[in-house]
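model-v5.txt follows (compact mmCIF, C-alpha atoms and all ligand atoms):
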# COMPACT_ATOMS: atom_id res chain seq x y z
CA MET A 1 0.00 0.00 0.00
CA LYS A 2 1.33 3.46 -0.90
CA LYS A 3 1.79 5.86 2.03
CA THR A 4 -0.99 8.00 0.64
CA GLU A 5 -3.54 5.18 0.48
CA TYR A 6 -5.83 3.89 3.18
CA LYS A 7 -7.61 0.66 3.94
CA ARG A 8 -10.81 -0.06 1.99
CA THR A 9 -13.13 -2.91 2.96
CA PHE A 10 -15.23 -4.14 0.04
CA THR A 11 -18.48 -5.59 1.34
CA GLU A 12 -22.11 -6.25 0.47
CA ASP A 13 -23.18 -5.45 4.03
CA TRP A 14 -24.09 -1.90 3.07
CA ASP A 15 -25.90 -2.55 -0.23
CA PHE A 16 -29.49 -2.84 1.13
CA ARG A 17 -30.70 -3.92 -2.29
CA SER A 18 -34.07 -5.22 -1.09
CA SER A 19 -34.71 -2.64 1.64
CA ASP A 20 -37.59 -0.19 1.64
CA THR A 21 -35.88 3.18 1.39
CA LYS A 22 -39.17 5.09 1.64
CA GLU A 23 -40.23 4.22 5.17
CA TYR A 24 -41.59 6.85 7.56
CA THR A 25 -41.20 10.42 6.39
CA HIS A 26 -38.41 9.41 3.99
CA THR A 27 -41.22 8.95 1.48
CA TYR A 28 -42.16 12.66 1.39
CA HIS A 29 -39.96 14.11 -1.30
CA THR A 30 -37.20 13.12 -3.70
CA TYR A 31 -33.88 14.90 -3.63
CA PRO A 32 -30.71 14.46 -5.69
CA ALA A 33 -28.15 12.00 -4.31
CA MET A 34 -30.21 11.10 -1.25
CA MET A 35 -28.59 8.91 1.34
CA ILE A 36 -30.30 5.59 1.89
CA PRO A 37 -31.91 5.70 5.36
CA GLN A 38 -30.54 2.24 6.14
CA ILE A 39 -26.98 3.59 5.89
CA ALA A 40 -27.62 6.38 8.38
CA ARG A 41 -29.49 3.89 10.59
CA LYS A 42 -26.69 1.32 10.57
CA LEU A 43 -24.10 4.00 11.32
CA ILE A 44 -26.15 5.34 14.25
CA GLU A 45 -26.95 1.87 15.62
CA ASP A 46 -23.77 -0.12 14.98
CA TYR A 47 -21.04 2.51 14.74
CA LYS A 48 -21.65 4.62 17.83
CA PRO A 49 -18.66 6.56 19.08
CA LYS A 50 -17.04 5.52 22.34
CA GLY A 51 -18.95 7.07 25.26
CA LYS A 52 -22.26 8.90 24.91
CA LEU A 53 -24.33 9.45 21.77
CA GLU A 54 -26.58 12.44 22.41
CA TYR A 55 -25.90 14.86 19.60
CA ILE A 56 -25.54 14.23 15.87
CA LEU A 57 -24.50 16.70 13.15
CA ASP A 58 -25.05 16.58 9.40
CA PRO A 59 -23.12 19.47 7.78
CA TYR A 60 -24.65 18.74 4.31
CA MET A 61 -28.04 17.59 5.39
CA GLY A 62 -29.87 17.69 2.02
CA SER A 63 -33.37 16.28 2.54
CA GLY A 64 -32.54 15.35 6.14
CA THR A 65 -32.15 11.56 6.01
CA THR A 66 -29.71 11.55 8.94
CA LEU A 67 -31.92 13.89 10.99
CA VAL A 68 -35.00 11.71 10.50
CA GLU A 69 -33.05 8.62 11.56
CA ALA A 70 -31.67 10.46 14.61
CA LYS A 71 -35.20 11.49 15.58
CA ILE A 72 -36.48 7.93 15.20
CA LYS A 73 -33.75 6.86 17.62
CA GLY A 74 -34.58 9.68 20.05
CA ILE A 75 -31.24 11.48 19.60
CA ASP A 76 -30.94 15.28 19.26
CA SER A 77 -29.52 16.43 15.95
CA ILE A 78 -28.59 19.50 13.94
CA GLY A 79 -28.27 19.79 10.18
CA THR A 80 -27.35 22.58 7.83
CA ASP A 81 -27.75 23.16 4.11
CA LEU A 82 -27.47 26.25 1.91
CA ASN A 83 -30.33 25.13 -0.29
CA PRO A 84 -33.67 26.42 1.06
CA LEU A 85 -35.58 23.51 -0.48
CA ALA A 86 -33.34 21.06 1.39
CA ARG A 87 -34.04 22.89 4.66
CA PHE A 88 -37.74 22.91 3.93
CA ILE A 89 -37.87 19.16 3.19
CA ALA A 90 -35.78 18.32 6.25
CA ALA A 91 -37.93 20.50 8.51
CA VAL A 92 -41.20 18.93 7.34
CA LYS A 93 -39.78 15.40 7.54
CA THR A 94 -38.73 15.85 11.16
CA THR A 95 -41.98 17.42 12.38
CA ASN A 96 -44.65 15.40 14.20
CA PHE A 97 -47.64 17.04 12.50
CA ASN A 98 -51.06 16.39 14.00
CA GLU A 99 -52.47 13.61 11.78
CA LYS A 100 -56.06 14.32 12.69
CA LEU A 101 -55.79 17.94 11.65
CA ILE A 102 -53.92 17.03 8.47
CA LYS A 103 -56.70 14.63 7.50
CA GLU A 104 -59.36 17.27 8.18
CA TYR A 105 -57.55 19.64 5.87
CA LEU A 106 -57.12 16.91 3.27
CA SER A 107 -60.93 16.69 3.14
CA LYS A 108 -61.14 20.49 2.82
CA THR A 109 -58.62 20.35 -0.02
CA ILE A 110 -60.61 17.71 -1.89
CA LYS A 111 -63.72 19.83 -1.48
CA ALA A 112 -61.91 22.93 -2.77
CA ILE A 113 -60.68 20.96 -5.77
CA ASP A 114 -64.25 19.91 -6.54
CA ASP A 115 -65.16 23.61 -6.63
CA TYR A 116 -62.27 24.52 -8.96
CA LYS A 117 -62.85 27.09 -11.68
CA PHE A 118 -60.12 28.59 -13.87
CA PRO A 119 -58.96 31.59 -11.77
CA LYS A 120 -59.87 35.06 -13.10
CA LYS A 121 -56.50 36.47 -12.14
CA ILE A 122 -53.22 34.59 -11.96
CA ASP A 123 -50.11 36.15 -10.54
CA LEU A 124 -47.10 34.02 -11.42
CA GLU A 125 -44.52 36.68 -12.11
CA HIS A 126 -42.10 35.03 -9.71
CA ILE A 127 -41.88 31.94 -11.96
CA THR A 128 -39.28 32.38 -14.69
CA ASN A 129 -40.65 31.64 -18.19
CA VAL A 130 -43.86 30.27 -16.77
CA ASP A 131 -45.40 29.78 -20.26
CA PHE A 132 -42.36 27.88 -21.44
CA TRP A 133 -42.47 25.45 -18.53
CA TYR A 134 -46.21 24.99 -17.96
CA SER A 135 -49.41 24.69 -19.92
CA LYS A 136 -51.90 27.45 -19.04
CA GLU A 137 -54.22 24.88 -17.40
CA ASN A 138 -51.53 23.32 -15.23
CA ALA A 139 -50.10 26.68 -14.15
CA ALA A 140 -53.60 27.80 -13.12
CA GLU A 141 -54.23 24.59 -11.17
CA LEU A 142 -50.94 24.87 -9.30
CA TYR A 143 -51.63 28.52 -8.59
CA TYR A 144 -55.06 27.61 -7.21
CA LEU A 145 -53.56 24.97 -4.90
CA THR A 146 -50.94 27.44 -3.63
CA LYS A 147 -53.67 29.95 -2.83
CA ILE A 148 -55.75 27.40 -0.93
CA ILE A 149 -52.82 26.03 1.06
CA ASN A 150 -51.71 29.50 2.07
CA THR A 151 -54.97 29.95 3.96
CA TYR A 152 -54.24 26.88 6.13
CA PRO A 153 -53.00 27.23 9.73
CA GLU A 154 -49.23 27.59 10.01
CA THR A 155 -48.99 24.40 12.06
CA ILE A 156 -49.96 22.23 9.07
CA ARG A 157 -49.42 24.40 5.99
CA ASP A 158 -45.90 23.16 5.30
CA PHE A 159 -47.04 19.54 5.16
CA PHE A 160 -49.28 20.47 2.21
CA LEU A 161 -46.73 22.73 0.57
CA LEU A 162 -44.14 19.96 0.55
CA ALA A 163 -46.50 17.66 -1.35
CA LEU A 164 -47.12 20.52 -3.76
CA SER A 165 -43.39 21.03 -4.16
CA GLU A 166 -43.01 17.67 -5.90
CA CYS A 167 -46.02 18.52 -8.09
CA VAL A 168 -44.69 21.85 -9.36
CA ARG A 169 -41.73 19.98 -10.78
CA GLU A 170 -43.52 16.90 -12.08
CA VAL A 171 -46.31 18.88 -13.71
CA SER A 172 -43.85 21.14 -15.53
CA TYR A 173 -42.45 20.34 -18.97
CA THR A 174 -39.14 19.26 -17.48
CA ARG A 175 -37.93 15.81 -18.48
CA ASN A 176 -38.61 13.00 -16.12
CA GLY A 177 -35.58 11.32 -14.58
CA GLU A 178 -33.35 14.39 -14.94
CA PHE A 179 -32.29 16.67 -12.12
CA LYS A 180 -31.36 19.40 -14.61
CA ARG A 181 -33.97 21.62 -16.18
CA TYR A 182 -34.36 20.12 -19.65
CA ARG A 183 -37.63 20.73 -21.42
CA ILE A 184 -39.42 17.81 -23.05
CA ALA A 185 -38.83 17.84 -26.83
CA LYS A 186 -41.37 20.02 -28.68
CA GLU A 187 -42.79 17.13 -30.67
CA LYS A 188 -43.44 15.18 -27.47
CA LEU A 189 -45.05 17.98 -25.48
CA HIS A 190 -48.58 16.87 -26.38
CA LEU A 191 -47.92 13.54 -24.64
CA HIS A 192 -47.40 15.31 -21.32
CA ASN A 193 -50.85 15.62 -19.71
CA PRO A 194 -50.39 15.61 -15.96
CA GLN A 195 -53.44 15.48 -13.71
CA THR A 196 -52.35 18.13 -11.24
CA PHE A 197 -55.07 17.62 -8.64
CA LYS A 198 -54.93 13.84 -8.68
CA LEU A 199 -51.16 13.89 -8.40
CA PHE A 200 -51.33 16.26 -5.44
CA ILE A 201 -53.90 14.20 -3.55
CA ASN A 202 -51.96 10.97 -4.19
CA LYS A 203 -48.84 12.55 -2.76
CA LEU A 204 -50.72 13.80 0.28
CA GLU A 205 -52.16 10.35 0.93
CA ARG A 206 -48.75 8.73 0.55
CA ASN A 207 -47.19 11.27 2.92
CA ILE A 208 -49.94 10.85 5.52
CA LYS A 209 -49.10 7.13 5.69
CA GLY A 210 -45.45 8.03 6.26
CA LEU A 211 -46.44 10.53 8.95
CA GLU A 212 -48.61 7.96 10.75
CA ASP A 213 -45.66 5.56 11.02
CA PHE A 214 -43.33 8.37 12.07
CA ASN A 215 -45.74 9.59 14.76
CA LYS A 216 -46.00 6.10 16.27
CA ILE A 217 -42.42 6.41 17.47
CA LYS A 218 -42.77 9.94 18.77
CA ASN A 219 -40.15 10.96 21.32
CA SER A 220 -38.88 14.17 22.82
CA SER A 221 -35.63 14.51 20.86
CA LYS A 222 -34.94 17.86 19.23
CA THR A 223 -33.97 18.64 15.65
CA VAL A 224 -32.38 21.92 14.57
CA ILE A 225 -32.41 22.95 10.92
CA ALA A 226 -29.75 25.57 10.20
CA GLU A 227 -28.38 27.57 7.32
CA PHE A 228 -24.71 28.10 8.15
CA ASN A 229 -21.86 27.28 5.82
CA THR A 230 -19.26 25.07 7.50
CA VAL A 231 -16.72 26.27 4.90
CA ASN A 232 -16.75 29.66 6.62
CA GLY A 233 -17.10 28.46 10.21
CA ILE A 234 -19.71 27.13 12.61
CA PRO A 235 -21.56 29.78 14.65
CA LYS A 236 -21.15 29.17 18.38
CA GLU A 237 -24.83 29.89 19.02
CA TYR A 238 -25.61 26.73 17.06
CA ILE A 239 -22.80 24.39 18.06
CA LYS A 240 -20.24 24.76 20.84
CA GLU A 241 -16.76 23.48 20.10
CA GLY A 242 -16.32 19.86 21.14
CA SER A 243 -20.05 19.22 21.62
CA ILE A 244 -20.88 16.85 18.75
CA ASP A 245 -20.71 13.09 19.39
CA LEU A 246 -21.26 11.84 15.84
CA VAL A 247 -21.36 13.21 12.30
CA VAL A 248 -23.26 11.24 9.67
CA THR A 249 -23.23 12.93 6.29
CA SER A 250 -22.89 12.62 2.54
CA PRO A 251 -21.10 15.67 1.16
CA PRO A 252 -21.26 16.72 -2.49
CA TYR A 253 -18.60 15.09 -4.73
CA GLY A 254 -17.83 18.22 -6.65
CA ASP A 255 -19.36 21.58 -7.54
CA SER A 256 -23.06 21.48 -8.47
CA LYS A 257 -22.49 22.78 -11.97
CA THR A 258 -20.42 19.80 -13.07
CA THR A 259 -21.69 17.07 -10.74
CA VAL A 260 -25.16 16.95 -9.18
CA ALA A 261 -27.43 19.85 -10.11
CA TYR A 262 -28.93 20.60 -6.67
CA GLY A 263 -29.81 24.16 -7.65
CA GLN A 264 -31.55 23.27 -10.90
CA PHE A 265 -33.51 20.46 -9.27
CA SER A 266 -34.66 22.79 -6.50
CA ARG A 267 -35.47 25.82 -8.61
CA TRP A 268 -39.09 24.76 -9.16
CA ALA A 269 -40.02 24.86 -5.48
CA ASN A 270 -37.58 27.65 -4.69
CA GLU A 271 -39.36 29.89 -7.23
CA TRP A 272 -42.94 28.82 -6.56
CA PHE A 273 -42.55 29.37 -2.83
CA GLU A 274 -40.33 32.44 -3.29
CA PHE A 275 -37.49 31.07 -1.21
CA ASP A 276 -34.30 33.14 -0.94
CA ASN A 277 -31.64 32.90 -3.64
CA ALA A 278 -33.93 30.73 -5.78
CA LYS A 279 -31.80 31.17 -8.86
CA LYS A 280 -28.29 31.15 -7.49
CA ILE A 281 -28.05 28.12 -5.24
CA ASP A 282 -25.41 26.37 -7.33
CA SER A 283 -22.95 29.23 -7.02
CA LEU A 284 -23.38 29.28 -3.22
CA LEU A 285 -22.64 25.58 -2.73
CA MET A 286 -19.19 24.11 -2.23
CA GLY A 287 -16.91 24.78 -5.17
CA GLY A 288 -19.50 27.11 -6.70
CA THR A 289 -17.22 30.14 -6.61
CA LYS A 290 -13.85 29.90 -8.26
CA ILE A 291 -10.95 30.89 -6.04
CA ASN A 292 -7.42 31.65 -7.16
CA ASP A 293 -5.58 31.67 -3.90
CA PHE A 294 -5.35 28.06 -2.73
CA THR A 295 -4.13 26.95 0.66
CA LEU A 296 -4.76 23.30 -0.07
CA LYS A 297 -2.16 20.67 0.82
CA THR A 298 -2.56 17.10 -0.38
CA GLU A 299 -0.47 14.00 -0.85
CA THR A 300 -3.35 11.65 -1.62
CA ILE A 301 -4.54 13.18 -4.84
CA LYS A 302 -1.61 15.22 -6.05
CA ASP A 303 -0.92 12.92 -9.03
CA GLU A 304 -4.54 13.09 -10.16
CA LEU A 305 -4.54 16.88 -9.85
CA LYS A 306 -1.36 17.13 -11.93
CA GLU A 307 -2.94 15.05 -14.65
CA ILE A 308 -6.14 17.10 -14.74
CA LYS A 309 -4.04 20.28 -14.86
CA LYS A 310 -2.32 18.97 -17.99
CA LEU A 311 -5.61 18.01 -19.62
CA ASP A 312 -7.77 21.03 -18.85
CA ILE A 313 -6.67 24.00 -16.81
CA LYS A 314 -10.21 25.33 -16.31
CA ARG A 315 -11.45 22.03 -14.91
CA TYR A 316 -8.35 21.87 -12.73
CA TYR A 317 -9.25 25.16 -11.06
CA GLU A 318 -12.86 24.04 -10.65
CA VAL A 319 -11.74 20.88 -8.88
CA LEU A 320 -9.31 22.84 -6.70
CA SER A 321 -12.00 25.35 -5.73
CA PHE A 322 -14.20 22.50 -4.55
CA LEU A 323 -11.42 20.74 -2.65
CA ASP A 324 -10.31 23.96 -1.00
CA ASP A 325 -13.86 24.59 0.29
CA TYR A 326 -14.21 20.96 1.32
CA TYR A 327 -10.98 21.05 3.31
CA LYS A 328 -12.04 24.23 5.15
CA SER A 329 -15.36 22.63 6.00
CA ILE A 330 -13.62 19.53 7.37
CA ALA A 331 -11.36 21.70 9.55
CA ASN A 332 -14.40 23.49 11.03
CA VAL A 333 -16.45 20.31 11.48
CA SER A 334 -13.46 18.73 13.26
CA LYS A 335 -13.51 21.45 15.92
CA ALA A 336 -17.20 20.83 16.63
CA ILE A 337 -16.57 17.18 17.56
CA ARG A 338 -15.76 16.06 21.09
CA LYS A 339 -12.72 13.96 22.01
CA GLU A 340 -13.33 10.35 20.96
CA GLY A 341 -16.27 11.54 18.87
CA ARG A 342 -16.74 10.00 15.44
CA ILE A 343 -17.30 11.08 11.84
CA CYS A 344 -18.99 8.98 9.15
CA TYR A 345 -18.65 10.51 5.67
CA VAL A 346 -20.23 8.79 2.68
CA VAL A 347 -18.42 9.94 -0.47
CA GLY A 348 -18.06 9.09 -4.15
CA ASN A 349 -14.98 9.27 -6.37
CA ARG A 350 -15.92 11.06 -9.54
CA ASN A 351 -14.10 11.27 -12.84
CA VAL A 352 -12.86 14.51 -14.27
CA LYS A 353 -11.53 14.25 -17.82
CA GLY A 354 -11.25 10.50 -17.32
CA VAL A 355 -9.16 10.91 -14.17
CA GLN A 356 -10.74 9.46 -11.06
CA ILE A 357 -10.39 11.60 -7.95
CA PRO A 358 -10.10 9.46 -4.80
CA LEU A 359 -12.17 11.74 -2.59
CA ASP A 360 -12.24 9.03 0.08
CA PHE A 361 -8.46 9.29 0.50
CA PHE A 362 -8.58 13.07 0.45
CA THR A 363 -11.31 13.05 3.13
CA ILE A 364 -9.27 10.76 5.38
CA GLU A 365 -6.10 12.77 4.83
CA SER A 366 -7.92 16.01 5.66
CA PHE A 367 -9.44 14.65 8.87
CA GLU A 368 -6.05 13.22 9.88
CA ARG A 369 -4.60 16.70 9.61
CA ASN A 370 -7.31 17.76 12.06
CA GLY A 371 -6.64 15.17 14.73
CA PHE A 372 -8.61 12.12 13.56
CA ARG A 373 -7.66 8.45 13.16
CA HIS A 374 -8.99 6.28 10.33
CA ILE A 375 -11.02 3.28 11.54
CA ASP A 376 -12.28 1.78 8.28
CA THR A 377 -13.78 2.57 4.89
CA PHE A 378 -16.60 0.34 3.68
CA VAL A 379 -17.07 0.22 -0.07
CA ARG A 380 -20.59 -0.40 -1.36
CA SER A 381 -22.00 -0.50 -4.85
CA ILE A 382 -24.75 2.01 -5.61
CA PRO A 383 -27.42 0.27 -7.65
CA ASN A 384 -30.31 2.42 -6.50
CA LYS A 385 -28.80 5.82 -6.12
CA ARG A 386 -30.59 8.25 -8.38
CA MET A 387 -27.71 9.90 -10.14
CA PRO A 388 -26.09 9.41 -13.51
CA SER A 389 -23.49 6.67 -13.41
CA LYS A 390 -22.01 8.08 -16.58
CA THR A 391 -20.97 11.58 -17.41
CA SER A 392 -19.33 12.77 -20.51
CA PRO A 393 -15.64 13.48 -19.85
CA SER A 394 -15.41 16.02 -22.60
CA ASN A 395 -19.05 16.91 -23.25
CA LYS A 396 -18.80 14.80 -26.42
CA LYS A 397 -21.70 12.53 -27.15
CA GLY A 398 -20.80 8.85 -26.95
CA ALA A 399 -17.61 9.55 -25.04
CA ASN A 400 -18.98 8.46 -21.71
CA VAL A 401 -16.98 6.88 -18.97
CA THR A 402 -18.42 5.27 -15.89
CA THR A 403 -18.06 7.48 -12.87
CA MET A 404 -19.41 6.47 -9.48
CA VAL A 405 -20.32 2.85 -9.18
CA ASN A 406 -18.99 2.66 -5.65
CA GLU A 407 -19.64 4.67 -2.56
CA PHE A 408 -17.17 4.91 0.30
CA ILE A 409 -18.34 4.99 3.91
CA ILE A 410 -15.49 6.48 5.88
CA ILE A 411 -15.33 6.09 9.65
CA MET A 412 -12.84 8.05 11.75
CA ASP A 413 -12.43 8.92 15.42
CA LYS A 414 -11.13 12.07 17.05
CA THR A 415 -8.05 11.23 19.05
C1 LIG B 1 -25.31 14.59 -1.29
S1 LIG B 1 -26.37 15.90 -0.80
C2 LIG B 1 -26.91 15.37 0.78
C3 LIG B 1 -28.04 14.41 0.68
C4 LIG B 1 -28.60 13.99 2.01
N1 LIG B 1 -27.72 13.09 2.72
C5 LIG B 1 -29.96 13.35 1.82
O1 LIG B 1 -30.13 12.18 2.17
O2 LIG B 1 -30.84 14.02 1.25
C6 LIG B 1 -25.26 17.21 -0.47
C7 LIG B 1 -25.91 18.48 0.03
O3 LIG B 1 -24.89 19.40 0.36
C8 LIG B 1 -25.41 20.70 0.20
N2 LIG B 1 -24.28 21.65 0.22
C9 LIG B 1 -23.35 21.90 -0.73
N3 LIG B 1 -22.47 22.79 -0.29
C10 LIG B 1 -22.83 23.12 0.98
C11 LIG B 1 -22.30 23.98 1.97
N4 LIG B 1 -21.21 24.71 1.74
N5 LIG B 1 -22.92 24.04 3.16
C12 LIG B 1 -24.04 23.31 3.41
N6 LIG B 1 -24.58 22.50 2.50
C13 LIG B 1 -23.99 22.39 1.30
C14 LIG B 1 -26.21 20.62 -1.07
O4 LIG B 1 -27.19 21.64 -1.14
C15 LIG B 1 -26.82 19.22 -0.93
O5 LIG B 1 -28.10 19.31 -0.38
Rewrite the structure of this file - the entire thing - as structure tokens.
Ligand SMILES: C[S@@+](CC[C@H](N)C(=O)[O-])C[C@H]1O[C@@H](n2cnc3c(N)ncnc32)[C@H](O)[C@@H]1O
Amino acid sequence: MKKTEYKRTFTEDWDFRSSDTKEYTHTYHTYPAMMIPQIARKLIEDYKPKGKLEYILDPYMGSGTTLVEAKIKGIDSIGTDLNPLARFIAAVKTTNFNEKLIKEYLSKTIKAIDDYKFPKKIDLEHITNVDFWYSKENAAELYYLTKIINTYPETIRDFFLLALSECVREVSYTRNGEFKRYRIAKEKLHLHNPQTFKLFINKLERNIKGLEDFNKIKNSSKTVIAEFNTVNGIPKEYIKEGSIDLVVTSPPYGDSKTTVAYGQFSRWANEWFEFDNAKKIDSLLMGGTKINDFTLKTETIKDELKEIKKLDIKRYYEVLSFLDDYYKSIANVSKAIRKEGRICYVVGNRNVKGVQIPLDFFTIESFERNGFRHIDTFVRSIPNKRMPSKTSPSNKKGANVTTMVNEFIIIMDKT
């Protein structure tokens, strides 16, 4: 083994091929590159840090898989994400809404739908190119639903809005199975005839089932949804230094523009609900802003970086910008963890210009620099992860190379 490599344990123990990944509130909403709940669950149950386990952090919480699993186990948790849709999903998924009230308002919603008439006035100025993305009928129906839901009591409104959030995307002319905003081909548009109201009610009914199961295991643990950027630091009012027992997270693998399009996926809901920064999420996320002054030190991926630099200088700087942010985030997360606390990072090793970047090694190396010891890395295959397994290395059609077929579950302890 080279000095810059670390142990990897290849195993099927983490594949969960036949598991139901949509239990409890995990069923509420899709999100790009979601973590499988069973992974978070196994880490929380079987890979507890030495000593107490009372406080869990997810610094890239996305749709809140880790937070939901922490809540199910009765453990306090805190998560942060710069994407408002992610925060919204995570907040709704970790709330014990009153089922009885939700069902009452479901009946009211069905009644209101029965009374639907094309609205006289529609104000959708906050939706970019609304006529390009929606038929007139569908836009009016979605507008009508938004209006109704906004009259509901605050204590239940978000439950309904989250179901609508999936609808605003699915009803639009965006292509199914893509996170990016690609419009359905013109000649196929007539085949797209979504039943807005039916879709919405189906989602509500599905989510109510999830809520019922979630409420059965109600406990008094607390969940905090935050908006800080660990690249810049962790505000003390949220987390005191040395207070976190366990981190369970899946960070991005690269900047959103060239890897997973979190911003584009989220723009539907972010615009419909007028969330902050609706259009510029991708530039806010890690690696989203190019930097020229790098402080990054690395032994583990220096050869790969050299190669990418030779092949494409622009891509090289993009990768460096991401890694630089990622390292800073790791340094800040490290400070938040108590002595003998543990981190579990689930990462993927993507290809850039045909060069695979071993982000697992870089993650371990970075945590080592911040006082951690590597315990193990479990390698799983990702059959059911909703992300492209192929990306074009040079944006040429037909020149695809396989990128992430494996996922690396890194476990390290603070010494
Ligand atoms: C792989 S996803 C997490 C998915 C999550 N585990 C789940 O199950 O839904 C990575 C997340 O990191 C977020 N992110 C990227 N850069 C960030 C930053 N600097 N601070 C906080 N979140 C960030 C993205 O918005 C995205 O939601």
Closest to Tyr55 (chain A) among A:Ile201, A:Val168, A:Val247, A:Leu145, using all atoms listed in the file? A:Val247
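The contact shell of ligand LIG 1 (chain B), defined as all polymer residues within 6 Å when all atoms listed in the file are used, comprises Tyr31, Ala33, Met34, Met35, Pro59, Tyr60, Met61, Gly62, Ser63, Gly64, Thr65, Thr80, Asp81, Leu82, Asn83, Ala86, Asn229, Thr230, Val231, Thr249, Ser250, Pro251, Pro252, Tyr262, Leu285 and Met286 of chain A.
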Atom pair CA of Lys335 (chain A) / CA of Asn232 (chain A): separation (Å): 12.8 Å
Can you list, as a count of residues only, every protein, DNA or RNA residue that comes within 12 Å of Pro37 (chain A) when you count only C-alpha atoms, leaving out same-chain residues fewer than 4 positions away? 29
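The gap separating CA of Val224 (chain A) from CA of Ala163 (chain A) is 21.7 Å, in Å to one decimal.
Using all atoms listed in the file, the set of residues no farther than 10 Å from the position (-25.3, 26.8, -10.6) comprises Asp255, Ser256, Lys257, Thr258, Val260, Ala261, Tyr262, Gly263, Gln264, Lys279, Lys280, Ile281, Asp282, Ser283, Leu284, Leu285, Gly288 and Thr289 of chain A.
Candidate residues A:Gly74, A:Pro235, A:Pro194, A:Pro153 were compared for distance to Glu137 (chain A), and the nearest is A:Pro194, using all atoms listed in the file.
Computed from the coordinates, the CA of Phe275 (chain A) to CA of Ile156 (chain A) distance equals 18.4 Å.
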If we count all atoms listed in the file and set the cut-off at 12 Å, which residues sit around Val333 (chain A), ignoring sequence neighbours fewer than 5 positions away in its own chain? Please answer as a ChimeraX atom specification. /A:56-60,79-80,228-235,239-249,326-328,338,341-345,366-367,370-372,414
Those same residues, written as a CSV table (one decimal), keeping the file's coordinate frame with C-alpha atoms?
chain,number,residue,atom,x,y,z
A,56,ILE,CA,-25.5,14.2,15.9
A,57,LEU,CA,-24.5,16.7,13.2
A,58,ASP,CA,-25.0,16.6,9.4
A,59,PRO,CA,-23.1,19.5,7.8
A,60,TYR,CA,-24.6,18.7,4.3
A,79,GLY,CA,-28.3,19.8,10.2
A,80,THR,CA,-27.4,22.6,7.8
A,228,PHE,CA,-24.7,28.1,8.2
A,229,ASN,CA,-21.9,27.3,5.8
A,230,THR,CA,-19.3,25.1,7.5
A,231,VAL,CA,-16.7,26.3,4.9
A,232,ASN,CA,-16.8,29.7,6.6
A,233,GLY,CA,-17.1,28.5,10.2
A,234,ILE,CA,-19.7,27.1,12.6
A,235,PRO,CA,-21.6,29.8,14.6
A,239,ILE,CA,-22.8,24.4,18.1
A,240,LYS,CA,-20.2,24.8,20.8
A,241,GLU,CA,-16.8,23.5,20.1
A,242,GLY,CA,-16.3,19.9,21.1
A,243,SER,CA,-20.0,19.2,21.6
A,244,ILE,CA,-20.9,16.8,18.8
A,245,ASP,CA,-20.7,13.1,19.4
A,246,LEU,CA,-21.3,11.8,15.8
A,247,VAL,CA,-21.4,13.2,12.3
A,248,VAL,CA,-23.3,11.2,9.7
A,249,THR,CA,-23.2,12.9,6.3
A,326,TYR,CA,-14.2,21.0,1.3
A,327,TYR,CA,-11.0,21.0,3.3
A,328,LYS,CA,-12.0,24.2,5.2
A,338,ARG,CA,-15.8,16.1,21.1
A,341,GLY,CA,-16.3,11.5,18.9
A,342,ARG,CA,-16.7,10.0,15.4
A,343,ILE,CA,-17.3,11.1,11.8
A,344,CYS,CA,-19.0,9.0,9.2
A,345,TYR,CA,-18.6,10.5,5.7
A,366,SER,CA,-7.9,16.0,5.7
A,367,PHE,CA,-9.4,14.6,8.9
A,370,ASN,CA,-7.3,17.8,12.1
A,371,GLY,CA,-6.6,15.2,14.7
A,372,PHE,CA,-8.6,12.1,13.6
A,414,LYS,CA,-11.1,12.1,17.0
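Closest approach to Ser221 (chain A) among A:Ala112, A:Glu274, A:Thr94, A:Arg369 is made by A:Thr94 (distances from all atoms listed in the file).
In this comparison, which uses all atoms listed in the file, the residue of A:Leu124, A:Ile337, A:Leu53, A:Ile75 approaching Glu271 (chain A) most closely is A:Leu124.
Residue nearest Glu368 (chain A), chosen from A:Ile330, A:Lys93, A:Asp276, A:Arg380 and counting all atoms listed in the file: A:Ile330.
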File contents for region 137-155 of chain A with C-alpha atoms as a compact mmCIF listing (two decimals), in the first residue's frame:
# COMPACT_ATOMS: atom_id res chain seq x y z
CA GLU A 137 -54.22 24.88 -17.40
CA ASN A 138 -51.53 23.32 -15.23
CA ALA A 139 -50.10 26.68 -14.15
CA ALA A 140 -53.60 27.80 -13.12
CA GLU A 141 -54.23 24.59 -11.17
CA LEU A 142 -50.94 24.87 -9.30
CA TYR A 143 -51.63 28.52 -8.59
CA TYR A 144 -55.06 27.61 -7.21
CA LEU A 145 -53.56 24.97 -4.90
CA THR A 146 -50.94 27.44 -3.63
CA LYS A 147 -53.67 29.95 -2.83
CA ILE A 148 -55.75 27.40 -0.93
CA ILE A 149 -52.82 26.03 1.06
CA ASN A 150 -51.71 29.50 2.07
CA THR A 151 -54.97 29.95 3.96
CA TYR A 152 -54.24 26.88 6.13
CA PRO A 153 -53.00 27.23 9.73
CA GLU A 154 -49.23 27.59 10.01
CA THR A 155 -48.99 24.40 12.06
